[in-house]
>>> print(open('structure-v9.cif').read())   # mmCIF, C-alpha atoms and all ligand atoms
data_query
#
loop_
_atom_site.label_atom_id
_atom_site.label_comp_id
_atom_site.auth_asym_id
_atom_site.auth_seq_id
_atom_site.Cartn_x
_atom_site.Cartn_y
_atom_site.Cartn_z
CA MET A 11 -5.31 50.64 -8.42
CA SER A 12 -1.72 51.23 -7.33
CA THR A 13 0.06 49.67 -4.36
CA ASN A 14 -0.12 53.13 -2.74
CA ASP A 15 -3.78 52.43 -2.09
CA VAL A 16 -2.88 49.52 0.19
CA ILE A 17 -4.35 50.27 3.60
CA LEU A 18 -3.76 46.90 5.27
CA GLU A 19 -1.01 44.38 4.74
CA VAL A 20 -1.00 41.13 6.68
CA LYS A 21 2.27 39.23 6.45
CA ASP A 22 2.72 35.60 7.53
CA LEU A 23 0.39 35.97 10.52
CA ARG A 24 0.40 33.08 13.00
CA THR A 25 -2.03 32.93 15.91
CA TYR A 26 -1.83 29.80 18.03
CA PHE A 27 -3.71 28.47 21.04
CA PHE A 28 -1.67 26.86 23.77
CA ASN A 29 -3.63 24.47 25.95
CA ARG A 30 -3.63 20.92 27.33
CA ARG A 31 -4.10 19.52 23.83
CA GLY A 32 -0.86 21.14 22.78
CA VAL A 33 -0.57 23.84 20.10
CA THR A 34 -3.63 24.64 17.97
CA LYS A 35 -2.57 26.50 14.84
CA ALA A 36 -5.74 28.51 14.29
CA VAL A 37 -4.03 30.99 11.94
CA ASP A 38 -0.87 29.59 10.43
CA GLY A 39 0.93 31.88 8.03
CA VAL A 40 -1.83 34.07 6.60
CA SER A 41 -0.82 36.88 4.22
CA PHE A 42 -3.00 39.29 2.24
CA THR A 43 -3.36 42.93 1.28
CA LEU A 44 -6.39 45.18 1.28
CA ARG A 45 -6.73 48.43 -0.65
CA GLN A 46 -8.77 51.50 0.07
CA GLY A 47 -12.36 51.04 -1.14
CA GLU A 48 -11.82 47.34 -1.75
CA THR A 49 -13.80 44.38 -0.41
CA LEU A 50 -12.00 41.15 0.35
CA GLY A 51 -14.02 38.02 1.07
CA ILE A 52 -12.62 35.33 3.34
CA VAL A 53 -14.33 31.97 2.86
CA GLY A 54 -13.79 28.46 4.12
CA GLU A 55 -15.47 25.77 6.19
CA SER A 56 -16.25 26.18 9.84
CA GLY A 57 -13.21 26.19 12.12
CA CYS A 58 -10.65 27.11 9.42
CA GLY A 59 -9.51 30.28 11.23
CA LYS A 60 -11.55 33.09 9.66
CA THR A 61 -12.75 34.64 12.91
CA MET A 62 -9.37 34.16 14.61
CA THR A 63 -7.76 36.01 11.70
CA ALA A 64 -10.21 38.86 12.23
CA LEU A 65 -9.74 38.90 16.01
CA SER A 66 -5.97 38.98 15.49
CA LEU A 67 -6.32 42.11 13.34
CA LEU A 68 -8.43 43.75 16.03
CA GLY A 69 -6.18 42.75 18.95
CA LEU A 70 -9.08 40.77 20.43
CA ILE A 71 -7.76 37.21 20.53
CA PRO A 72 -8.65 35.40 23.77
CA LYS A 73 -5.54 35.85 25.90
CA PRO A 74 -3.64 34.18 27.46
CA ALA A 75 -4.86 30.98 25.73
CA ALA A 76 -4.11 32.44 22.28
CA ARG A 77 -1.03 34.35 21.15
CA ILE A 78 0.15 35.94 17.92
CA VAL A 79 3.43 34.07 17.63
CA SER A 80 4.72 35.81 14.51
CA GLY A 81 3.85 38.00 11.57
CA GLU A 82 2.97 41.60 10.85
CA ILE A 83 -0.33 43.48 10.53
CA ILE A 84 0.52 46.77 8.86
CA LEU A 85 -2.46 49.10 9.06
CA ASP A 86 -1.96 52.57 7.66
CA GLY A 87 1.82 52.20 8.08
CA GLU A 88 1.80 50.86 11.67
CA ASP A 89 2.38 47.27 12.79
CA LEU A 90 -0.53 46.35 15.06
CA VAL A 91 1.26 43.23 16.33
CA GLN A 92 3.66 45.54 18.18
CA LYS A 93 0.90 47.57 19.88
CA SER A 94 -0.02 47.23 23.55
CA SER A 95 -3.61 46.39 24.58
CA GLN A 96 -4.09 50.03 25.53
CA GLU A 97 -2.86 51.27 22.14
CA MET A 98 -5.13 48.75 20.41
CA ARG A 99 -8.14 50.10 22.33
CA ALA A 100 -7.50 53.48 20.71
CA ILE A 101 -6.99 51.95 17.25
CA ARG A 102 -10.14 49.81 17.39
CA GLY A 103 -13.12 51.78 16.16
CA ARG A 104 -10.96 54.66 14.99
CA LYS A 105 -8.97 52.77 12.35
CA ILE A 106 -10.31 49.23 12.25
CA SER A 107 -13.68 48.03 13.41
CA MET A 108 -15.81 44.91 13.39
CA ILE A 109 -19.44 44.03 12.81
CA LEU A 110 -19.99 40.94 14.92
CA GLN A 111 -21.22 37.55 13.79
CA ASP A 112 -24.50 37.57 15.68
CA PRO A 113 -26.52 40.79 15.33
CA GLN A 114 -29.02 39.61 17.93
CA THR A 115 -26.48 39.49 20.73
CA SER A 116 -24.18 42.35 19.71
CA LEU A 117 -26.31 45.06 21.30
CA ASN A 118 -26.62 45.38 25.05
CA PRO A 119 -30.33 44.89 25.94
CA VAL A 120 -30.21 47.17 29.01
CA PHE A 121 -28.88 50.33 27.31
CA SER A 122 -30.73 52.54 24.85
CA ILE A 123 -29.58 52.62 21.24
CA GLY A 124 -28.46 56.24 21.67
CA ASN A 125 -26.37 55.33 24.68
CA GLN A 126 -24.60 52.58 22.78
CA VAL A 127 -23.87 54.73 19.73
CA VAL A 128 -22.67 57.62 21.93
CA GLU A 129 -20.40 55.22 23.78
CA ALA A 130 -18.92 54.05 20.47
CA LEU A 131 -18.18 57.68 19.59
CA GLY A 132 -16.93 58.51 23.07
CA VAL A 133 -14.12 55.99 23.10
CA SER A 134 -12.02 58.15 20.85
CA ILE A 135 -13.45 61.66 20.92
CA LYS A 136 -14.01 63.92 23.95
CA GLU A 137 -16.74 66.47 23.44
CA SER A 138 -19.97 67.82 24.96
CA ARG A 139 -22.97 65.59 25.60
CA ARG A 140 -25.09 67.62 23.16
CA ASN A 141 -22.53 67.23 20.39
CA MET A 142 -22.26 63.55 21.11
CA PHE A 143 -26.03 63.19 20.82
CA ASN A 144 -26.02 65.01 17.49
CA ARG A 145 -23.14 62.94 16.20
CA ALA A 146 -24.89 59.75 17.25
CA VAL A 147 -28.04 60.88 15.42
CA GLU A 148 -25.90 61.51 12.34
CA ALA A 149 -24.30 58.06 12.69
CA LEU A 150 -27.79 56.48 12.73
CA ARG A 151 -28.85 58.62 9.79
CA SER A 152 -25.78 57.51 7.82
CA VAL A 153 -26.99 53.90 8.05
CA ARG A 154 -30.45 55.02 6.89
CA VAL A 155 -32.27 54.66 10.22
CA ALA A 156 -35.49 56.63 9.75
CA ALA A 157 -36.33 59.36 12.35
CA PRO A 158 -33.03 58.77 14.16
CA GLU A 159 -33.69 61.35 16.93
CA SER A 160 -36.64 59.36 18.22
CA ARG A 161 -34.88 55.99 17.82
CA MET A 162 -32.06 57.20 20.10
CA HIS A 163 -34.25 56.45 23.13
CA ASP A 164 -35.34 53.01 21.95
CA TYR A 165 -33.98 49.79 23.41
CA PRO A 166 -32.78 46.92 21.20
CA HIS A 167 -35.91 44.80 21.82
CA GLN A 168 -38.02 47.59 20.29
CA MET A 169 -36.24 47.25 16.95
CA SER A 170 -36.51 44.78 14.08
CA GLY A 171 -33.58 42.52 13.18
CA GLY A 172 -32.74 44.64 10.14
CA MET A 173 -32.80 47.86 12.16
CA LYS A 174 -30.60 46.36 14.86
CA GLN A 175 -28.13 45.34 12.14
CA ARG A 176 -28.03 48.96 10.96
CA VAL A 177 -27.40 50.19 14.49
CA ILE A 178 -24.52 47.72 14.79
CA GLY A 179 -23.21 49.12 11.50
CA ALA A 180 -23.53 52.66 12.88
CA ILE A 181 -21.58 51.67 16.00
CA ALA A 182 -18.86 50.02 13.95
CA MET A 183 -18.58 53.06 11.67
CA ALA A 184 -19.07 55.73 14.33
CA SER A 185 -15.45 56.88 14.28
CA SER A 186 -14.96 56.51 10.51
CA PRO A 187 -12.57 53.54 10.52
CA LYS A 188 -10.51 52.80 7.42
CA VAL A 189 -11.14 49.07 7.56
CA ILE A 190 -14.24 47.26 8.68
CA ILE A 191 -14.49 43.52 9.22
CA ALA A 192 -17.94 42.01 8.83
CA ASP A 193 -18.01 38.47 10.21
CA GLU A 194 -21.11 36.72 8.83
CA PRO A 195 -23.02 39.99 9.15
CA THR A 196 -26.31 38.86 7.75
CA THR A 197 -27.09 35.29 8.74
CA ALA A 198 -29.87 36.14 11.22
CA LEU A 199 -31.71 38.35 8.74
CA ASP A 200 -34.20 37.43 6.05
CA VAL A 201 -33.01 37.65 2.46
CA THR A 202 -34.65 40.99 1.54
CA ILE A 203 -33.33 42.74 4.64
CA GLN A 204 -29.99 41.10 4.06
CA LEU A 205 -29.73 42.46 0.52
CA GLN A 206 -30.77 45.94 1.66
CA TYR A 207 -28.11 45.86 4.33
CA LEU A 208 -25.41 44.70 1.92
CA LYS A 209 -26.36 47.46 -0.49
CA LEU A 210 -26.13 49.98 2.33
CA LEU A 211 -22.62 48.84 3.18
CA LYS A 212 -21.61 49.14 -0.47
CA ASP A 213 -23.10 52.67 -0.62
CA ILE A 214 -21.18 53.71 2.48
CA GLN A 215 -18.06 52.22 0.96
CA ALA A 216 -18.56 54.20 -2.26
CA GLU A 217 -19.00 57.41 -0.25
CA THR A 218 -16.11 56.93 2.16
CA GLY A 219 -13.51 54.67 0.51
CA LEU A 220 -13.90 52.24 3.40
CA ALA A 221 -12.11 48.91 2.93
CA ILE A 222 -14.17 45.87 3.93
CA ILE A 223 -13.28 42.32 4.87
CA PHE A 224 -16.27 40.00 4.55
CA ILE A 225 -16.09 36.71 6.38
CA THR A 226 -18.77 34.38 5.15
CA HIS A 227 -19.86 30.87 4.21
CA ASP A 228 -22.04 32.28 1.48
CA PHE A 229 -20.80 32.44 -2.12
CA GLY A 230 -23.89 34.46 -3.04
CA ILE A 231 -22.60 37.25 -0.77
CA VAL A 232 -19.09 36.87 -2.13
CA ALA A 233 -20.34 37.26 -5.70
CA ARG A 234 -22.40 40.34 -4.81
CA MET A 235 -20.04 42.08 -2.44
CA CYS A 236 -16.41 41.22 -2.96
CA ASP A 237 -13.66 42.33 -5.32
CA ARG A 238 -11.24 39.63 -4.25
CA VAL A 239 -11.52 36.39 -2.31
CA ALA A 240 -9.17 34.47 -0.04
CA VAL A 241 -10.04 30.81 0.51
CA MET A 242 -8.91 29.48 3.88
CA TYR A 243 -8.36 25.87 4.81
CA ALA A 244 -7.02 24.65 8.16
CA GLY A 245 -5.50 27.98 9.20
CA ARG A 246 -3.98 28.93 5.84
CA ILE A 247 -5.00 30.72 2.67
CA VAL A 248 -4.89 28.10 -0.08
CA GLU A 249 -6.05 30.30 -2.98
CA SER A 250 -6.73 33.97 -3.51
CA ALA A 251 -7.93 35.76 -6.61
CA ASP A 252 -10.30 38.39 -7.91
CA VAL A 253 -13.90 37.22 -7.71
CA ARG A 254 -14.34 36.58 -11.43
CA THR A 255 -11.17 34.46 -11.65
CA LEU A 256 -12.08 32.51 -8.55
CA PHE A 257 -15.52 31.60 -9.85
CA ASN A 258 -14.49 31.08 -13.50
CA SER A 259 -11.20 29.26 -12.98
CA PRO A 260 -10.85 27.98 -9.43
CA THR A 261 -7.48 26.24 -9.33
CA HIS A 262 -7.02 24.72 -5.88
CA PRO A 263 -8.97 21.44 -5.50
CA TYR A 264 -10.44 22.76 -2.24
CA THR A 265 -11.79 25.90 -3.93
CA GLN A 266 -13.16 23.72 -6.72
CA ALA A 267 -14.90 21.51 -4.15
CA LEU A 268 -16.34 24.51 -2.29
CA ILE A 269 -17.74 26.01 -5.46
CA ALA A 270 -19.07 22.64 -6.65
CA SER A 271 -20.84 22.25 -3.31
CA VAL A 272 -22.97 25.34 -4.01
CA PRO A 273 -25.43 24.38 -6.77
CA GLN A 274 -26.74 27.87 -7.52
CA MET A 275 -24.60 30.95 -7.13
CA ASP A 276 -27.54 33.28 -6.88
CA ARG A 277 -28.95 31.48 -3.85
CA THR A 278 -27.79 32.86 -0.53
CA ASP A 279 -27.44 31.22 2.85
CA ARG A 280 -26.02 27.93 1.64
CA LEU A 281 -23.38 26.12 3.61
CA PHE A 282 -20.56 24.17 2.06
CA SER A 283 -20.71 20.41 2.15
CA ILE A 284 -17.64 18.53 1.07
CA ASP A 285 -16.99 14.87 1.88
CA GLY A 286 -14.70 14.26 4.84
CA GLN A 287 -13.52 16.54 7.63
CA PRO A 288 -10.74 19.12 7.85
CA PRO A 289 -7.79 17.97 9.97
CA ALA A 290 -7.59 18.91 13.67
CA LEU A 291 -5.59 22.12 13.96
CA TRP A 292 -3.65 20.71 16.93
CA ASP A 293 -2.62 17.64 14.93
CA LEU A 294 -1.99 18.79 11.39
CA PRO A 295 -0.62 16.36 8.81
CA GLU A 296 2.90 16.77 7.44
CA GLY A 297 2.06 17.73 3.86
CA CYS A 298 -0.87 19.52 2.23
CA HIS A 299 -3.64 19.81 4.80
CA PHE A 300 -6.26 18.92 2.18
CA ALA A 301 -4.50 15.71 1.06
CA ASP A 302 -6.84 13.29 2.86
CA ARG A 303 -9.86 14.75 1.04
CA CYS A 304 -8.27 15.50 -2.31
CA ALA A 305 -8.96 13.34 -5.38
CA HIS A 306 -5.70 14.59 -6.96
CA ALA A 307 -3.38 13.86 -4.04
CA ARG A 308 -0.05 12.28 -4.97
CA PRO A 309 2.67 10.94 -2.65
CA ARG A 310 4.43 14.31 -2.43
CA CYS A 311 1.21 15.94 -1.17
CA HIS A 312 1.36 13.79 1.96
CA ARG A 313 5.01 14.72 2.54
CA ASP A 314 5.46 18.47 1.99
CA TYR A 315 3.25 21.54 2.21
CA PRO A 316 3.15 23.24 -1.23
CA ASP A 317 4.66 26.71 -1.65
CA VAL A 318 2.31 29.42 -2.85
CA LEU A 319 2.62 30.01 -6.61
CA GLN A 320 1.30 32.87 -8.74
CA ALA A 321 -1.25 31.46 -11.20
CA GLY A 322 -1.89 34.91 -12.68
CA GLU A 323 -1.95 38.55 -11.73
CA GLU A 324 -3.13 38.63 -8.11
CA HIS A 325 -4.04 34.95 -8.32
CA SER A 326 -2.08 32.73 -5.95
CA VAL A 327 -2.49 29.06 -5.21
CA ALA A 328 -0.83 26.58 -2.84
CA CYS A 329 -1.06 23.22 -4.60
CA TRP A 330 1.51 20.79 -5.98
CA MET A 331 -0.55 20.30 -9.15
CA LEU A 332 0.20 23.87 -10.16
CA HIS A 333 3.91 23.33 -9.47
CA GLU A 334 3.81 20.27 -11.72
CA SER A 335 2.00 21.97 -14.57
CA TRP A 336 4.53 24.81 -14.42
CA SER A 337 7.57 22.53 -14.53
CA GLN A 338 5.93 20.59 -17.37
CA MET A 339 5.48 23.86 -19.27
CA GLU A 340 9.10 24.81 -18.60
CA GLN A 341 10.26 21.44 -19.95
CA GLU A 342 8.17 21.85 -23.09
CA VAL A 343 9.60 25.32 -23.66
CA SER A 344 13.19 24.10 -23.22
CA THR A 345 12.86 21.07 -25.56
N1 LIG B 1 -11.24 29.45 22.67
C1 LIG B 1 -10.57 28.59 21.92
N2 LIG B 1 -9.72 27.67 22.48
C2 LIG B 1 -9.04 26.80 21.71
N3 LIG B 1 -9.08 26.76 20.37
C3 LIG B 1 -9.91 27.63 19.77
C4 LIG B 1 -10.70 28.59 20.49
N4 LIG B 1 -11.41 29.33 19.60
C5 LIG B 1 -11.08 28.85 18.39
N5 LIG B 1 -10.19 27.84 18.49
C6 LIG B 1 -9.56 27.11 17.39
O1 LIG B 1 -9.37 28.01 16.32
C7 LIG B 1 -9.87 27.43 15.12
C8 LIG B 1 -10.39 28.54 14.24
O2 LIG B 1 -11.56 29.07 14.81
P1 LIG B 1 -12.35 30.25 14.11
O3 LIG B 1 -13.37 30.70 15.10
O4 LIG B 1 -11.41 31.24 13.59
O5 LIG B 1 -13.05 29.49 12.89
P2 LIG B 1 -13.99 30.09 11.76
O6 LIG B 1 -13.32 29.84 10.46
O7 LIG B 1 -14.35 31.48 12.10
O8 LIG B 1 -15.26 29.12 11.86
P3 LIG B 1 -16.83 29.48 11.68
O9 LIG B 1 -17.04 29.48 10.20
O10 LIG B 1 -17.51 28.33 12.35
O11 LIG B 1 -17.12 30.78 12.34
C9 LIG B 1 -10.91 26.42 15.57
O12 LIG B 1 -10.95 25.33 14.68
C10 LIG B 1 -10.43 25.98 16.90
O13 LIG B 1 -9.58 24.84 16.74
S1 LIG B 2 -1.26 19.83 -2.96
FE1 LIG B 2 -1.95 17.79 -3.51
S2 LIG B 2 -3.41 17.20 -1.92
FE2 LIG B 2 -3.10 19.39 -1.79
S3 LIG B 2 -4.74 20.22 -2.98
FE3 LIG B 2 -2.99 20.07 -4.34
S4 LIG B 2 -3.17 18.06 -5.34
FE4 LIG B 2 -4.59 18.07 -3.58
MG MG B 3 -16.13 32.41 12.64
#
>>> encode(input="structure-v9.cif", output="structure tokens", more="lines below")
Ligand SMILES: Nc1ncnc2c1ncn2[C@@H]1O[C@H](COP(=O)(O)OP(=O)(O)OP(=O)(O)O)[C@@H](O)[C@H]1O
Ligand code: SF4
Ligand SMILES: [Mg+2]
Amino acid sequence: MSTNDVILEVKDLRTYFFNRRGVTKAVDGVSFTLRQGETLGIVGESGCGKTMTALSLLGLIPKPAARIVSGEIILDGEDLVQKSSQEMRAIRGRKISMILQDPQTSLNPVFSIGNQVVEALGVSIKESRRNMFNRAVEALRSVRVAAPESRMHDYPHQMSGGMKQRVIGAIAMASSPKVIIADEPTTALDVTIQLQYLKLLKDIQAETGLAIIFITHDFGIVARMCDRVAVMYAGRIVESADVRTLFNSPTHPYTQALIASVPQMDRTDRLFSIDGQPPALWDLPEGCHFADRCAHARPRCHRDYPDVLQAGEEHSVACWMLHESWSQMEQEVST
């Protein structure tokens, strides 16, 4: 795929919270690209900044406590960081959309399904009520809701978890966005429904060229769904690679620990468990943020944060070990 297919480019994004504790660096220099039709997984332990990265892309960070302090979010040629709240309202749904973390609470219990899908369509398009109804029916049909006309009048409590998840998908995709962010989209569903839903998203992607960002704790989902993966730790991406490379040759000690903490790749719904805790994001250490938990840490790791190095095509890693193995190789070549 050529660089022309790039639909989203995030450059050195920093989103900080400012409160009594001081400055919490929730997202601290995140960069990645996303191509049309591609699925990028973002993984990492709880609190590492995955959701805040997503909310930054959508212009939905909790203001005024949080602020994007620097960086660019180039979506379809436009920098979203420069957009006003009003401009972002028009961009959300139409160009970039999100499927929320908790499917059970994402639908409003007091409005019918039809009402909620129509509203999602209505934000960006002005047309007759009849047309809106038909378009909403089509949106439900596109996520394989059976007999969508009759389901339009149902309320969320009348639907199963899997069906509600589809409706949420229909709402997110109502205005044919180019990028969709799914933040733990399947945790409240049982495994069979989960797999059906993931397959549905992949089918829609194949039909439309939609680009997807999957935020998850689940390497089973990553293996099934994603083309590339970015591993986040304490507000930064520490390694990113295509899925095969990441699973076959994880290079950053944190990625290695994450993968080692999942005994069976084909099992879903497993959380990471690595000894020790990530550092507090309002009191980050000087050097590599993983140093206190890393078996390979050397004195330099506690002093300086490692620059990102290319370990291969589209494989980047921020770890001093890689720097050392490269300079060792250079020495061997020159002697
Ligand atoms: N409302 C808030 N006020 C202050 N700090 C916050 C707030 N929300 C999030 N944070 C900070 O941002 C960090 C990143 O949070 P985020 O929700 O992005 O984590 P996450 O990676 O999505 O975690 P999880 O896997 O549990 O969903 C948190 O560790 C926390 O320090
Ligand atoms: S930079 Fe050092 S502490 Fe950080 S992951 Fe690499 S070896 Fe471990
Ligand atoms: Mg989250």
>>> residues_near_ligand(input="structure-v9.cif", ligand="ligand LIG 1 (chain B)", cutoff="7 Å", atoms="all atoms listed in the file", output="NGL selection string")
:A and (27 or 34 or 36 or 54-63 or 72 or 75 or 227 or 290-291)
>>> atom_distance(input="structure-v9.cif", atom1="CA of Thr255 in chain A", atom2="CA of Thr226 in chain A")
18.4 Å
>>> atom_distance(input="structure-v9.cif", atom1="CA of Ser259 in chain A", atom2="CA of Glu48 in chain A")
21.3 Å
>>> atom_distance(input="structure-v9.cif", atom1="CA of Trp292 in chain A", atom2="CA of Thr265 in chain A")
23.0 Å
>>> residues_near_point(input="structure-v9.cif", point="(-16.7, 21.6, -3.0)", cutoff="12 Å", atoms="only C-alpha atoms", output="ChimeraX atom specification")
/A:54-55,229,241,260,262-273,281-286,300,303-305
>>> closest_residue(input="structure-v9.cif", among="A:Pro187, A:Pro166, A:Pro295, A:Gly172", to="ligand LIG 2 (chain B)", atoms="only C-alpha atoms and all ligand atoms")
A:Pro295
>>> closest_atom_pairs(input="structure-v9.cif", of="chain A", to="ligand LIG 2 (chain B)", cutoff="10 Å", atoms="all atoms listed in the file", output="Markdown table")
| residue | atom | partner | partner_atom | distance |
| --- | --- | --- | --- | --- |
| A:Val248 | CA | B:LIG2 | S3 | 8.4 |
| A:Thr261 | CA | B:LIG2 | FE3 | 9.1 |
| A:His262 | CA | B:LIG2 | S3 | 5.8 |
| A:Pro263 | CA | B:LIG2 | S3 | 5.1 |
| A:Tyr264 | CA | B:LIG2 | S3 | 6.3 |
| A:Thr265 | CA | B:LIG2 | S3 | 9.1 |
| A:Gln266 | CA | B:LIG2 | S3 | 9.9 |
| A:Gly297 | CA | B:LIG2 | FE2 | 7.8 |
| A:Cys298 | CA | B:LIG2 | FE2 | 4.6 |
| A:His299 | CA | B:LIG2 | FE2 | 6.6 |
| A:Phe300 | CA | B:LIG2 | FE2 | 5.1 |
| A:Ala301 | CA | B:LIG2 | S2 | 3.5 |
| A:Asp302 | CA | B:LIG2 | S2 | 7.1 |
| A:Arg303 | CA | B:LIG2 | S2 | 7.5 |
| A:Cys304 | CA | B:LIG2 | FE4 | 4.7 |
| A:Ala305 | CA | B:LIG2 | FE4 | 6.7 |
| A:His306 | CA | B:LIG2 | S4 | 4.6 |
| A:Ala307 | CA | B:LIG2 | S2 | 4.0 |
| A:Arg308 | CA | B:LIG2 | FE1 | 6.0 |
| A:Pro309 | CA | B:LIG2 | FE1 | 8.3 |
| A:Arg310 | CA | B:LIG2 | FE1 | 7.3 |
| A:Cys311 | CA | B:LIG2 | FE1 | 4.3 |
| A:His312 | CA | B:LIG2 | S2 | 7.0 |
| A:Arg313 | CA | B:LIG2 | FE1 | 9.7 |
| A:Asp314 | CA | B:LIG2 | S1 | 8.5 |
| A:Tyr315 | CA | B:LIG2 | S1 | 7.1 |
| A:Pro316 | CA | B:LIG2 | S1 | 5.8 |
| A:Asp317 | CA | B:LIG2 | S1 | 9.2 |
| A:Val327 | CA | B:LIG2 | FE3 | 9.0 |
| A:Ala328 | CA | B:LIG2 | S1 | 6.8 |
| A:Cys329 | CA | B:LIG2 | FE3 | 3.7 |
| A:Trp330 | CA | B:LIG2 | S1 | 4.2 |
| A:Met331 | CA | B:LIG2 | S4 | 5.1 |
| A:Leu332 | CA | B:LIG2 | FE3 | 7.6 |
| A:His333 | CA | B:LIG2 | S1 | 9.0 |
| A:Glu334 | CA | B:LIG2 | S4 | 9.7 |
>>> closest_residue(input="structure-v9.cif", among="A:Val16, A:Val91, A:Ala240, A:Ala182", to="Arg77 in chain A", atoms="all atoms listed in the file")
A:Val91
>>> closest_residue(input="structure-v9.cif", among="A:Ser337, A:Asn144, A:Ser94, A:Ser186", to="Ala221 in chain A", atoms="all atoms listed in the file")
A:Ser186
>>> build_atoms(input="structure-v9.cif", residues="range 70-89 of chain A", atoms="N, CA and C atoms", output="PDB file, in the coordinates of the input")
ATOM      1  N   LEU A  70      -8.037  41.291  19.529  1.00  0.00           N
ATOM      2  CA  LEU A  70      -9.080  40.770  20.430  1.00  0.00           C
ATOM      3  C   LEU A  70      -9.005  39.256  20.604  1.00  0.00           C
ATOM      4  N   ILE A  71      -7.850  38.669  20.349  1.00  0.00           N
ATOM      5  CA  ILE A  71      -7.760  37.210  20.530  1.00  0.00           C
ATOM      6  C   ILE A  71      -7.873  36.889  22.023  1.00  0.00           C
ATOM      7  N   PRO A  72      -8.477  35.720  22.350  1.00  0.00           N
ATOM      8  CA  PRO A  72      -8.650  35.400  23.770  1.00  0.00           C
ATOM      9  C   PRO A  72      -7.309  35.090  24.443  1.00  0.00           C
ATOM     10  N   LYS A  73      -6.815  36.054  25.211  1.00  0.00           N
ATOM     11  CA  LYS A  73      -5.540  35.850  25.900  1.00  0.00           C
ATOM     12  C   LYS A  73      -5.820  35.339  27.309  1.00  0.00           C
ATOM     13  N   PRO A  74      -4.964  34.564  27.955  1.00  0.00           N
ATOM     14  CA  PRO A  74      -3.640  34.180  27.460  1.00  0.00           C
ATOM     15  C   PRO A  74      -3.652  32.892  26.632  1.00  0.00           C
ATOM     16  N   ALA A  75      -4.855  32.269  26.438  1.00  0.00           N
ATOM     17  CA  ALA A  75      -4.860  30.980  25.730  1.00  0.00           C
ATOM     18  C   ALA A  75      -4.279  31.131  24.318  1.00  0.00           C
ATOM     19  N   ALA A  76      -4.603  32.261  23.659  1.00  0.00           N
ATOM     20  CA  ALA A  76      -4.110  32.440  22.280  1.00  0.00           C
ATOM     21  C   ALA A  76      -3.028  33.519  22.250  1.00  0.00           C
ATOM     22  N   ARG A  77      -2.120  33.376  21.294  1.00  0.00           N
ATOM     23  CA  ARG A  77      -1.030  34.350  21.150  1.00  0.00           C
ATOM     24  C   ARG A  77      -0.690  34.509  19.671  1.00  0.00           C
ATOM     25  N   ILE A  78      -0.408  35.760  19.266  1.00  0.00           N
ATOM     26  CA  ILE A  78       0.150  35.940  17.920  1.00  0.00           C
ATOM     27  C   ILE A  78       1.631  35.601  18.048  1.00  0.00           C
ATOM     28  N   VAL A  79       2.042  34.509  17.430  1.00  0.00           N
ATOM     29  CA  VAL A  79       3.430  34.070  17.630  1.00  0.00           C
ATOM     30  C   VAL A  79       4.375  34.684  16.616  1.00  0.00           C
ATOM     31  N   SER A  80       3.860  35.109  15.460  1.00  0.00           N
ATOM     32  CA  SER A  80       4.720  35.810  14.510  1.00  0.00           C
ATOM     33  C   SER A  80       3.874  36.487  13.447  1.00  0.00           C
ATOM     34  N   GLY A  81       4.526  37.325  12.673  1.00  0.00           N
ATOM     35  CA  GLY A  81       3.850  38.000  11.570  1.00  0.00           C
ATOM     36  C   GLY A  81       3.695  39.487  11.804  1.00  0.00           C
ATOM     37  N   GLU A  82       3.183  40.158  10.783  1.00  0.00           N
ATOM     38  CA  GLU A  82       2.970  41.600  10.850  1.00  0.00           C
ATOM     39  C   GLU A  82       1.554  41.925  10.373  1.00  0.00           C
ATOM     40  N   ILE A  83       0.973  42.966  10.981  1.00  0.00           N
ATOM     41  CA  ILE A  83      -0.330  43.480  10.530  1.00  0.00           C
ATOM     42  C   ILE A  83      -0.129  44.976  10.327  1.00  0.00           C
ATOM     43  N   ILE A  84       0.206  45.360   9.114  1.00  0.00           N
ATOM     44  CA  ILE A  84       0.520  46.770   8.860  1.00  0.00           C
ATOM     45  C   ILE A  84      -0.758  47.496   8.441  1.00  0.00           C
ATOM     46  N   LEU A  85      -1.256  48.317   9.349  1.00  0.00           N
ATOM     47  CA  LEU A  85      -2.460  49.100   9.060  1.00  0.00           C
ATOM     48  C   LEU A  85      -2.062  50.556   8.983  1.00  0.00           C
ATOM     49  N   ASP A  86      -2.266  51.153   7.812  1.00  0.00           N
ATOM     50  CA  ASP A  86      -1.960  52.570   7.660  1.00  0.00           C
ATOM     51  C   ASP A  86      -0.518  52.866   8.128  1.00  0.00           C
ATOM     52  N   GLY A  87       0.403  51.977   7.783  1.00  0.00           N
ATOM     53  CA  GLY A  87       1.820  52.200   8.080  1.00  0.00           C
ATOM     54  C   GLY A  87       2.286  51.761   9.461  1.00  0.00           C
ATOM     55  N   GLU A  88       1.394  51.258  10.317  1.00  0.00           N
ATOM     56  CA  GLU A  88       1.800  50.860  11.670  1.00  0.00           C
ATOM     57  C   GLU A  88       1.583  49.364  11.867  1.00  0.00           C
ATOM     58  N   ASP A  89       2.524  48.715  12.550  1.00  0.00           N
ATOM     59  CA  ASP A  89       2.380  47.270  12.790  1.00  0.00           C
ATOM     60  C   ASP A  89       1.572  47.032  14.072  1.00  0.00           C
TER      61      ASP A  89
END
